[in-house]
$ cat upload.cif   # mmCIF, C-alpha atoms and all ligand atoms
data_protein
loop_
_atom_site.label_atom_id
_atom_site.label_comp_id
_atom_site.auth_asym_id
_atom_site.auth_seq_id
_atom_site.Cartn_x
_atom_site.Cartn_y
_atom_site.Cartn_z
CA MET A 19 -99.77 29.71 57.34
CA ALA A 20 -96.48 28.96 59.13
CA LYS A 21 -93.59 28.72 56.69
CA LYS A 22 -92.36 25.23 55.93
CA PRO A 23 -88.87 24.63 57.31
CA ILE A 24 -85.98 24.17 54.88
CA ILE A 25 -82.97 22.16 56.07
CA LEU A 26 -79.51 22.09 54.51
CA GLY A 27 -77.84 18.70 55.11
CA ILE A 28 -74.13 17.85 54.81
CA GLU A 29 -72.56 14.37 54.57
CA THR A 30 -68.81 13.58 54.53
CA SER A 31 -68.50 10.50 56.76
CA CYS A 32 -66.69 8.32 54.21
CA ASP A 33 -66.07 8.69 50.47
CA GLU A 34 -69.04 10.79 49.35
CA THR A 35 -69.10 14.58 49.59
CA ALA A 36 -72.78 15.47 49.64
CA VAL A 37 -75.01 18.48 50.28
CA SER A 38 -78.79 18.62 49.98
CA LEU A 39 -81.65 21.00 50.72
CA ILE A 40 -85.07 19.63 51.62
CA GLN A 41 -88.30 21.34 52.58
CA ASP A 42 -91.09 20.11 54.82
CA ASP A 43 -94.39 19.50 53.06
CA LYS A 44 -97.97 19.16 54.17
CA SER A 45 -98.24 15.82 52.33
CA GLY A 46 -95.97 14.45 55.10
CA ILE A 47 -93.24 13.67 52.57
CA PRO A 48 -90.60 16.43 52.41
CA LYS A 49 -89.58 17.81 49.03
CA ILE A 50 -85.97 17.31 47.92
CA LEU A 51 -84.97 20.72 46.52
CA SER A 52 -81.47 19.56 45.59
CA ASN A 53 -79.32 16.52 46.31
CA ILE A 54 -75.71 16.68 45.13
CA VAL A 55 -73.47 13.66 45.73
CA SER A 56 -69.86 13.59 44.58
CA SER A 57 -68.29 10.12 44.86
CA GLN A 58 -64.59 9.41 45.13
CA PHE A 59 -64.54 5.99 43.41
CA ASP A 60 -61.72 7.04 41.08
CA ILE A 61 -59.49 8.19 43.94
CA HIS A 62 -59.73 4.93 45.93
CA LYS A 63 -60.21 2.20 43.34
CA GLU A 64 -56.51 1.52 42.81
CA PHE A 65 -56.16 0.87 46.58
CA GLY A 66 -59.11 -1.55 46.75
CA GLY A 67 -60.74 0.44 49.58
CA VAL A 68 -61.17 3.93 51.02
CA VAL A 69 -57.92 5.67 52.07
CA PRO A 70 -58.96 8.04 54.91
CA GLU A 71 -56.41 10.82 54.29
CA LEU A 72 -57.13 10.94 50.55
CA ALA A 73 -60.86 10.96 51.26
CA ALA A 74 -60.53 13.81 53.75
CA ARG A 75 -58.39 15.87 51.37
CA SER A 76 -60.95 15.43 48.62
CA HIS A 77 -63.78 16.50 50.98
CA VAL A 78 -61.82 19.66 51.85
CA GLU A 79 -61.30 20.43 48.15
CA LYS A 80 -64.93 19.83 47.18
CA ILE A 81 -67.26 20.69 50.05
CA ASP A 82 -67.46 24.38 49.18
CA ILE A 83 -68.24 23.73 45.48
CA ILE A 84 -70.79 21.00 46.27
CA ALA A 85 -72.55 23.25 48.79
CA LYS A 86 -72.73 26.12 46.29
CA LYS A 87 -74.12 23.77 43.64
CA ALA A 88 -76.74 22.38 46.03
CA ILE A 89 -77.87 25.86 47.06
CA GLN A 90 -77.99 27.05 43.46
CA GLU A 91 -79.94 24.00 42.26
CA SER A 92 -82.47 24.30 45.10
CA GLY A 93 -83.46 27.76 43.92
CA VAL A 94 -83.55 28.84 47.57
CA SER A 95 -81.68 31.85 48.95
CA LEU A 96 -79.71 31.20 52.13
CA ASP A 97 -81.92 33.51 54.21
CA LYS A 98 -84.78 31.03 53.70
CA VAL A 99 -82.84 28.12 55.27
CA SER A 100 -84.11 27.16 58.75
CA ALA A 101 -81.20 25.03 60.05
CA ILE A 102 -77.95 23.31 59.09
CA ALA A 103 -77.58 19.57 59.72
CA ALA A 104 -74.29 17.67 59.35
CA THR A 105 -73.20 14.08 59.93
CA MET A 106 -71.33 13.77 63.28
CA GLY A 107 -70.65 9.99 63.11
CA PRO A 108 -70.07 7.13 62.70
CA GLY A 109 -67.40 7.22 60.02
CA LEU A 110 -63.79 8.19 59.43
CA ILE A 111 -62.81 10.89 61.90
CA VAL A 112 -60.73 12.87 59.39
CA CYS A 113 -63.67 12.88 56.97
CA LEU A 114 -66.43 13.59 59.51
CA THR A 115 -64.56 16.64 60.78
CA VAL A 116 -64.62 18.30 57.34
CA GLY A 117 -68.41 18.30 56.93
CA LEU A 118 -69.10 18.90 60.60
CA ASN A 119 -66.84 21.97 60.73
CA PHE A 120 -68.20 23.28 57.44
CA GLY A 121 -71.75 22.92 58.80
CA LYS A 122 -70.87 24.64 62.09
CA ALA A 123 -69.23 27.52 60.22
CA MET A 124 -72.33 27.95 58.04
CA ALA A 125 -74.67 27.83 61.03
CA SER A 126 -72.54 30.32 62.93
CA SER A 127 -72.15 32.80 60.07
CA LEU A 128 -75.84 32.62 59.12
CA ASN A 129 -76.97 32.60 62.74
CA LEU A 130 -78.94 29.39 62.26
CA PRO A 131 -79.54 26.41 64.56
CA PHE A 132 -77.04 23.59 64.13
CA ILE A 133 -77.98 19.90 64.25
CA GLY A 134 -75.53 16.98 64.45
CA VAL A 135 -76.84 13.82 62.76
CA ASN A 136 -76.08 10.13 63.24
CA HIS A 137 -75.31 8.81 59.74
CA LEU A 138 -77.08 5.54 60.56
CA GLU A 139 -80.23 7.43 61.54
CA GLY A 140 -79.94 9.11 58.14
CA HIS A 141 -80.19 5.69 56.46
CA ALA A 142 -82.97 4.72 58.88
CA LEU A 143 -85.10 7.74 57.91
CA SER A 144 -84.16 7.83 54.20
CA PRO A 145 -87.40 6.09 53.07
CA LYS A 146 -89.35 8.98 54.61
CA LEU A 147 -88.27 11.02 51.60
CA ASN A 148 -90.53 8.95 49.36
CA SER A 149 -93.06 7.20 51.67
CA LYS A 150 -95.17 8.16 54.63
CA ILE A 151 -94.04 6.03 57.53
CA GLU A 152 -95.34 5.86 61.09
CA TYR A 153 -93.25 4.82 64.11
CA PRO A 154 -92.60 2.16 65.25
CA TYR A 155 -91.16 0.15 62.38
CA LEU A 156 -88.71 -2.67 61.83
CA LEU A 157 -85.52 -1.59 60.07
CA LEU A 158 -82.94 -3.68 58.28
CA LEU A 159 -79.89 -1.51 57.73
CA ILE A 160 -77.50 -3.07 55.22
CA SER A 161 -74.54 -0.91 54.20
CA GLY A 162 -70.80 -1.10 53.74
CA GLY A 163 -70.10 -0.80 57.45
CA HIS A 164 -73.27 -2.03 59.18
CA SER A 165 -75.83 -4.84 59.06
CA GLN A 166 -78.49 -4.62 61.74
CA TYR A 167 -82.14 -5.31 62.49
CA LEU A 168 -83.60 -2.54 64.67
CA SER A 169 -86.94 -1.65 66.12
CA VAL A 170 -87.25 2.08 65.39
CA ASN A 171 -89.56 3.32 68.13
CA SER A 172 -89.38 7.09 67.48
CA LEU A 173 -86.83 9.72 66.54
CA GLY A 174 -83.56 8.73 68.24
CA LYS A 175 -85.11 5.68 69.97
CA TYR A 176 -83.71 2.46 68.60
CA LYS A 177 -83.66 -1.09 69.93
CA ARG A 178 -81.23 -3.37 68.18
CA LEU A 179 -82.65 -6.86 67.60
CA GLY A 180 -79.75 -8.32 65.66
CA THR A 181 -76.39 -7.37 64.18
CA THR A 182 -73.56 -8.91 62.21
CA ILE A 183 -70.98 -10.57 64.41
CA ASP A 184 -68.24 -10.09 61.79
CA ASP A 185 -68.44 -8.52 58.29
CA ALA A 186 -71.14 -6.10 57.19
CA LEU A 187 -73.16 -7.24 54.19
CA GLY A 188 -71.77 -4.54 51.86
CA GLU A 189 -68.29 -5.57 52.99
CA ALA A 190 -69.09 -9.21 52.14
CA PHE A 191 -70.22 -8.13 48.66
CA ASP A 192 -67.10 -6.01 48.17
CA LYS A 193 -64.70 -8.72 49.40
CA THR A 194 -66.34 -11.38 47.22
CA ALA A 195 -66.22 -9.02 44.25
CA LYS A 196 -62.50 -8.43 44.87
CA LEU A 197 -61.86 -12.19 44.87
CA LEU A 198 -63.61 -12.34 41.50
CA GLY A 199 -61.40 -9.54 40.15
CA ILE A 200 -64.09 -6.83 40.26
CA GLU A 201 -62.81 -3.42 41.30
CA PHE A 202 -63.90 -1.60 44.50
CA PRO A 203 -66.69 -1.07 45.48
CA GLY A 204 -67.78 -4.27 43.76
CA GLY A 205 -71.28 -4.79 45.22
CA PRO A 206 -73.31 -3.40 42.30
CA LYS A 207 -71.17 -5.13 39.65
CA LEU A 208 -71.25 -8.43 41.53
CA GLU A 209 -75.03 -8.26 41.31
CA LYS A 210 -74.73 -7.77 37.52
CA PHE A 211 -72.34 -10.77 37.28
CA SER A 212 -74.85 -12.89 39.19
CA GLU A 213 -77.54 -12.30 36.56
CA GLN A 214 -75.47 -14.29 34.05
CA GLY A 215 -74.71 -17.25 36.31
CA ASP A 216 -76.20 -20.47 37.66
CA PRO A 217 -77.16 -19.87 41.33
CA ASN A 218 -77.12 -23.61 42.08
CA LYS A 219 -73.60 -24.30 40.84
CA PHE A 220 -71.77 -23.78 44.14
CA GLU A 221 -72.92 -24.70 47.65
CA LEU A 222 -71.95 -21.92 50.09
CA PRO A 223 -72.29 -21.87 53.91
CA LYS A 224 -74.97 -19.94 55.77
CA PRO A 225 -73.17 -19.12 59.04
CA ILE A 226 -75.21 -19.11 62.31
CA ILE A 227 -78.40 -19.73 60.32
CA ASN A 228 -79.90 -21.97 63.03
CA LYS A 229 -78.69 -20.03 66.05
CA GLY A 230 -78.15 -16.51 67.35
CA GLY A 231 -81.69 -15.21 66.67
CA CYS A 232 -81.60 -12.57 63.96
CA ASN A 233 -77.89 -11.90 64.36
CA LEU A 234 -75.95 -12.27 61.12
CA SER A 235 -72.55 -13.59 60.06
CA PHE A 236 -70.94 -13.36 56.62
CA ALA A 237 -67.20 -13.98 57.18
CA GLY A 238 -67.52 -17.74 56.52
CA LEU A 239 -68.80 -17.04 53.02
CA LYS A 240 -65.68 -15.09 52.14
CA THR A 241 -63.50 -17.99 53.29
CA ALA A 242 -65.53 -20.48 51.22
CA ILE A 243 -65.37 -18.22 48.18
CA LEU A 244 -61.61 -17.78 48.53
CA ARG A 245 -61.28 -21.59 48.45
CA ILE A 246 -63.51 -21.93 45.37
CA THR A 247 -61.83 -19.10 43.42
CA LYS A 248 -58.61 -21.13 43.53
CA THR A 249 -60.33 -23.91 41.55
CA ILE A 250 -62.38 -22.01 38.98
CA LYS A 251 -61.17 -21.62 35.41
CA THR A 252 -63.64 -19.89 33.14
CA GLU A 253 -65.46 -16.57 33.07
CA GLN A 254 -68.71 -18.53 33.33
CA ASP A 255 -67.46 -20.06 36.63
CA LYS A 256 -67.13 -16.50 37.96
CA PHE A 257 -70.70 -15.68 36.96
CA ASP A 258 -71.87 -18.92 38.58
CA LEU A 259 -70.00 -18.13 41.81
CA ALA A 260 -71.47 -14.60 41.86
CA ALA A 261 -74.96 -16.06 41.33
CA SER A 262 -74.43 -18.65 44.07
CA PHE A 263 -73.25 -15.92 46.47
CA GLN A 264 -76.24 -13.71 45.63
CA LYS A 265 -78.66 -16.61 46.15
CA THR A 266 -77.07 -17.56 49.49
CA ILE A 267 -77.33 -13.98 50.76
CA GLU A 268 -80.97 -13.83 49.72
CA GLU A 269 -81.69 -17.07 51.59
CA ILE A 270 -79.87 -15.91 54.73
CA LEU A 271 -81.82 -12.64 54.76
CA TYR A 272 -85.11 -14.46 54.12
CA ILE A 273 -84.63 -16.72 57.16
CA LYS A 274 -83.19 -14.05 59.49
CA THR A 275 -85.88 -11.52 58.53
CA LYS A 276 -88.60 -13.97 59.55
CA ILE A 277 -86.95 -14.24 62.97
CA ALA A 278 -86.66 -10.43 63.17
CA PHE A 279 -90.40 -10.11 62.39
CA ASP A 280 -91.22 -12.34 65.37
CA GLU A 281 -88.87 -10.43 67.67
CA PHE A 282 -90.32 -7.10 66.53
CA LYS A 283 -93.88 -8.34 67.19
CA LYS A 284 -92.91 -9.42 70.72
CA ILE A 285 -92.16 -5.78 71.63
CA ASN A 286 -94.64 -3.92 69.39
CA SER A 287 -98.35 -4.74 69.32
CA GLN A 288 -99.90 -2.57 66.58
CA ASP A 289 -102.04 -4.25 63.86
CA LYS A 290 -100.11 -2.98 60.87
CA ASN A 291 -96.36 -3.47 60.71
CA SER A 292 -93.87 -1.82 58.35
CA PHE A 293 -90.49 -3.22 57.37
CA ILE A 294 -87.97 -0.68 56.09
CA VAL A 295 -84.81 -1.76 54.30
CA ALA A 296 -82.11 0.92 53.94
CA GLY A 297 -78.39 1.39 53.21
CA GLY A 298 -76.28 0.84 50.08
CA VAL A 299 -77.11 -2.88 49.74
CA ALA A 300 -80.86 -2.07 49.72
CA ALA A 301 -80.27 -1.16 46.05
CA ASN A 302 -79.77 -4.88 45.25
CA LYS A 303 -82.76 -6.04 43.17
CA GLY A 304 -82.63 -9.72 44.13
CA ILE A 305 -82.48 -8.85 47.83
CA ARG A 306 -85.38 -6.43 47.41
CA GLU A 307 -87.52 -9.10 45.75
CA LYS A 308 -86.77 -11.70 48.42
CA LEU A 309 -87.51 -9.23 51.23
CA ILE A 310 -90.78 -8.19 49.56
CA LYS A 311 -91.74 -11.89 49.41
CA VAL A 312 -90.98 -12.59 53.08
CA SER A 313 -92.79 -9.38 54.11
CA LYS A 314 -95.95 -10.31 52.24
CA GLU A 315 -95.95 -13.82 53.68
CA ASN A 316 -95.71 -12.38 57.19
CA ASN A 317 -98.07 -9.43 56.89
CA PHE A 318 -95.42 -6.70 57.00
CA LYS A 319 -95.49 -3.78 54.57
CA PRO A 320 -92.07 -3.57 52.86
CA ILE A 321 -90.73 -0.07 52.18
CA PHE A 322 -87.46 0.84 50.45
CA PRO A 323 -85.77 4.20 49.84
CA ASP A 324 -85.56 5.43 46.24
CA LEU A 325 -82.60 3.78 44.53
CA LYS A 326 -80.67 7.08 44.50
CA LEU A 327 -81.15 7.40 48.29
CA CYS A 328 -79.83 3.92 49.21
CA GLY A 329 -76.17 4.92 49.07
CA ASP A 330 -74.69 7.75 51.12
CA ASN A 331 -76.31 11.12 50.46
CA ALA A 332 -77.10 14.34 52.30
CA ALA A 333 -80.88 14.34 51.72
CA MET A 334 -81.15 11.61 54.37
CA ILE A 335 -79.04 13.74 56.74
CA ALA A 336 -81.35 16.72 56.09
CA MET A 337 -84.34 14.38 56.73
CA VAL A 338 -83.09 13.63 60.26
CA GLY A 339 -82.28 17.33 60.59
CA LEU A 340 -85.88 18.19 59.74
CA GLU A 341 -87.32 15.82 62.36
CA LYS A 342 -84.89 17.11 64.98
CA PHE A 343 -85.67 20.72 63.98
CA LYS A 344 -89.41 20.09 64.52
CA ALA A 345 -88.60 18.47 67.88
CA LYS A 346 -86.32 21.47 68.70
CA GLN A 347 -83.33 19.17 69.23
CA PHE A 348 -80.41 21.48 68.48
CA ASP A 349 -76.71 21.09 69.18
CA ASN A 350 -73.99 23.44 70.36
CA LEU A 351 -71.18 24.42 68.04
CA ASP A 352 -68.66 22.50 70.17
CA LEU A 353 -70.34 19.18 69.29
CA PRO A 354 -67.51 16.68 68.62
CA ALA A 355 -67.43 14.14 65.78
CA ASN A 356 -67.95 10.61 67.06
CA PRO A 357 -66.50 7.95 64.72
CA ARG A 358 -68.09 5.15 66.78
CA LEU A 359 -71.59 6.52 67.17
CA VAL A 360 -74.27 3.78 67.39
CA LEU A 361 -78.07 3.73 67.24
CA ASP A 362 -78.74 1.63 70.34
CA GLU A 363 -76.27 2.42 73.12
CA SER A 364 -77.63 -0.34 75.34
CA ALA A 365 -76.91 -3.10 72.78
CA LYS A 366 -74.09 -5.51 73.56
CA PHE A 367 -70.88 -5.48 71.52
CA LEU A 368 -71.08 -8.66 69.44
CA LYS A 369 -67.98 -8.72 67.28
CA GLY A 370 -64.86 -10.84 67.39
CA ALA A 371 -63.75 -14.32 68.30
CA GLY A 372 -65.43 -16.03 71.24
CA VAL A 373 -68.59 -13.95 71.04
CA LYS A 374 -71.54 -15.64 72.80
CA LEU A 375 -74.83 -15.63 70.88
O1 LIG A 401 -74.68 2.90 52.58
P1 LIG A 401 -73.47 2.91 51.71
O2 LIG A 401 -73.47 3.77 50.47
O3 LIG A 401 -72.21 3.33 52.51
C1 LIG A 401 -72.03 3.00 53.84
O4 LIG A 401 -72.53 3.75 54.72
O5 LIG A 401 -71.40 1.95 54.06
O6 LIG A 401 -73.19 1.38 51.30
C2 LIG A 401 -72.14 1.03 50.42
C3 LIG A 401 -72.13 -0.48 50.26
C4 LIG A 401 -70.90 -0.96 49.49
O7 LIG A 401 -70.37 -2.07 50.19
C5 LIG A 401 -71.47 -1.37 48.14
O8 LIG A 401 -70.75 -2.37 47.48
C6 LIG A 401 -72.85 -1.85 48.54
O9 LIG A 401 -73.28 -0.91 49.51
N1 LIG A 401 -73.81 -1.88 47.41
C7 LIG A 401 -74.35 -3.03 46.92
C8 LIG A 401 -75.17 -2.64 45.82
N2 LIG A 401 -75.10 -1.28 45.70
C9 LIG A 401 -74.25 -0.84 46.68
N3 LIG A 401 -74.21 -4.31 47.29
C10 LIG A 401 -74.91 -5.23 46.60
N4 LIG A 401 -75.70 -4.95 45.53
C11 LIG A 401 -75.86 -3.67 45.12
N5 LIG A 401 -76.64 -3.41 44.08
ZN ZN A 402 -73.93 4.92 54.78
#
$ encode --input "upload.cif" --output "structure tokens"
Amino acid sequence: MAKKPIILGIETSCDETAVSLIQDDKSGIPKILSNIVSSQFDIHKEFGGVVPELAARSHVEKIDIIAKKAIQESGVSLDKVSAIAATMGPGLIVCLTVGLNFGKAMASSLNLPFIGVNHLEGHALSPKLNSKIEYPYLLLLISGGHSQYLSVNSLGKYKRLGTTIDDALGEAFDKTAKLLGIEFPGGPKLEKFSEQGDPNKFELPKPIINKGGCNLSFAGLKTAILRITKTIKTEQDKFDLAASFQKTIEEILYIKTKIAFDEFKKINSQDKNSFIVAGGVAANKGIREKLIKVSKENNFKPIFPDLKLCGDNAAMIAMVGLEKFKAKQFDNLDLPANPRLVLDESAKFLKGAGVKL
């Protein structure tokens, strides 16, 4: 029997230093041998956002230790590793370079193939670490930097159906949280706040809800929330505003997802359709429930990554590495980091004032 490939993945695109080892499995779902993620929340929280230079310095200090820990925990000796995969973009250039160079050095010294990975493709394939999924599928990627609907046709083949024209959804959560006095990154805590509030207390806008297909827009919500925060007085008002925000987001995603289903069906004609939701915001329970509901109503099978694989991690980078390894898609050691890497190069740029939908 041919030996099952083992991939070591590295992720340092933003504020998580992560290394993971995964192994292919005949079940079709690879085994996670180790998955170490070291977050930098404490370093950045006083600044209300990620400071690139501090993030990069922390990656440099930690990458070696995290890699050793991941290798140790996997129980695998380095001579059993088949390839090294590292995030090449998108992300902060100073941060990407740390993991990418570390990965190249490992590959070179161990004489192993090297694979550069698109971080967004990592999120896109992350549910493959707990579910068997066939191409093509519809993907909703909702993270701190991206919000997109994509038709995932095969490895590396993406067609964007819709994108945010301003803020990403995670960004909208974090900005709203900040206005409510919740420290960065506020998304998860904002969700907790919302559980104690009245979702019908405040009426919030749903930008471009009746136009622009399945494109998204969240900046108008932030403006409305800023206005309301100036009038609220009690702690309960904050909970109510959080609940109203959460409900509005759920409603926007419900409506836009229905449109995305139709657009996906126009270009894909199989009987059974899967809908994958990935990225940090996919951890939000209310959003999950709403997206399960709209999927069932429209005959799509909803699939989510494990909660621990929604946020940035290296197991998802190793997952892309594994698929590329099987397809023999290797990279040279002079592969540059690309902070602006996208999934669908043919998609139009849709951000900024005056954008035509
Ligand atoms: O995918 P991710 O870890 O990093 C990026 O690639 O951006 O996503 C991080 C984003 C942050 O904006 C964070 O606040 C948000 O995901 N997030 C959530 C929740 N958990 C994480 N937003 C809403 N509800 C959550 N439970
Ligand atoms: Zn991410």
$ closest_residue --input "upload.cif" --among "A:Gly238, A:Gly297, A:Pro206, A:Gly188" --to "ligand ZN 402 (chain A)" --atoms "all atoms listed in the file"
A:Gly297
$ residues_near_ligand --input "upload.cif" --ligand "ligand ZN 402 (chain A)" --cutoff "7 Å" --atoms "all atoms listed in the file" --output "PyMOL selection string"
chain A and resi 137-138+141+161-162+297-298+329-330
$ residues_around --input "upload.cif" --residues "Asp42 in chain A" --least-positions-apart "5" --cutoff "12 Å" --atoms "only C-alpha atoms" --output "list in words"
Ala20, Lys21, Lys22, Pro23, Ile24, Ile25, Leu26, Ile47, Pro48, Lys49, Ile50, Leu51, Val99, Ser100, Lys146, Leu147, Ala336, Met337, Val338, Gly339, Leu340, Glu341, Phe343 and Lys344 of chain A
$ closest_residue --input "upload.cif" --among "A:Asn286, A:Asn302, A:Gln58, A:Asn148" --to "ligand LIG 401 (chain A)" --atoms "all atoms listed in the file"
A:Asn302
$ atom_distance --input "upload.cif" --atom1 "CA of Ile250 in chain A" --atom2 "CA of Phe220 in chain A"
10.9 Å
$ axis_aligned_box --input "upload.cif" --around "ligand LIG 401 (chain A)" --padding-each-side "5 Å" --output "lines of an AutoDock Vina configuration file"
center_x = -73.5
center_y = -0.7
center_z = 49.4
size_x = 16.3
size_y = 19.0
size_z = 20.6
$ residues_around --input "upload.cif" --residues "Asn136 in chain A" --least-positions-apart "4" --cutoff "7 Å" --atoms "all atoms listed in the file" --output "compact mmCIF listing (two decimals) with C-alpha atoms, keeping the file's coordinate frame"
# COMPACT_ATOMS: atom_id res chain seq x y z
CA THR A 105 -73.20 14.08 59.93
CA MET A 106 -71.33 13.77 63.28
CA GLY A 107 -70.65 9.99 63.11
CA PRO A 108 -70.07 7.13 62.70
CA GLY A 140 -79.94 9.11 58.14
CA LEU A 359 -71.59 6.52 67.17
$ atom_distance --input "upload.cif" --atom1 "atom N5 of ligand LIG 401 (chain A)" --atom2 "CA of Lys326 in chain A"
11.2 Å
$ closest_residue --input "upload.cif" --among "A:Ala103, A:Leu327, A:Leu271, A:Ala74" --to "ligand LIG 401 (chain A)" --atoms "all atoms listed in the file"
A:Leu327
$ residues_near_point --input "upload.cif" --point "(-77.6, -18.6, 60.5)" --cutoff "12 Å" --atoms "all atoms listed in the file" --output "ChimeraX atom specification"
/A:180-183,223-239,266-267,269-277,375
$ build_atoms --input "upload.cif" --residues "range 202-217 of chain A" --atoms "N, CA and C atoms" --output "compact mmCIF listing (two decimals), in the coordinates of the input"
# COMPACT_ATOMS: atom_id res chain seq x y z
N PHE A 202 -63.18 -2.17 43.36
CA PHE A 202 -63.90 -1.60 44.50
C PHE A 202 -64.74 -0.40 44.07
N PRO A 203 -65.93 -0.15 44.64
CA PRO A 203 -66.69 -1.07 45.48
C PRO A 203 -67.50 -2.01 44.58
N GLY A 204 -67.29 -3.30 44.75
CA GLY A 204 -67.78 -4.27 43.76
C GLY A 204 -69.22 -4.70 43.88
N GLY A 205 -69.91 -4.31 44.98
CA GLY A 205 -71.28 -4.79 45.22
C GLY A 205 -72.20 -4.72 44.00
N PRO A 206 -72.37 -3.52 43.42
CA PRO A 206 -73.31 -3.40 42.30
C PRO A 206 -72.91 -4.27 41.10
N LYS A 207 -71.61 -4.35 40.81
CA LYS A 207 -71.17 -5.13 39.65
C LYS A 207 -71.30 -6.63 39.92
N LEU A 208 -71.09 -7.02 41.17
CA LEU A 208 -71.25 -8.43 41.53
C LEU A 208 -72.69 -8.86 41.27
N GLU A 209 -73.62 -7.95 41.58
CA GLU A 209 -75.03 -8.26 41.31
C GLU A 209 -75.24 -8.47 39.81
N LYS A 210 -74.61 -7.64 38.99
CA LYS A 210 -74.73 -7.77 37.52
C LYS A 210 -74.15 -9.12 37.07
N PHE A 211 -72.98 -9.48 37.59
CA PHE A 211 -72.34 -10.77 37.28
C PHE A 211 -73.32 -11.91 37.58
N SER A 212 -74.01 -11.79 38.72
CA SER A 212 -74.85 -12.89 39.19
C SER A 212 -76.02 -13.16 38.24
N GLU A 213 -76.41 -12.12 37.49
CA GLU A 213 -77.54 -12.30 36.56
C GLU A 213 -77.19 -13.23 35.41
N GLN A 214 -75.89 -13.44 35.17
CA GLN A 214 -75.47 -14.29 34.05
C GLN A 214 -75.05 -15.69 34.51
N GLY A 215 -75.23 -15.98 35.80
CA GLY A 215 -74.71 -17.25 36.31
C GLY A 215 -75.78 -18.22 36.80
N ASP A 216 -75.32 -19.43 37.13
CA ASP A 216 -76.20 -20.47 37.66
C ASP A 216 -76.12 -20.42 39.20
N PRO A 217 -77.21 -20.03 39.86
CA PRO A 217 -77.16 -19.87 41.33
C PRO A 217 -77.01 -21.18 42.09
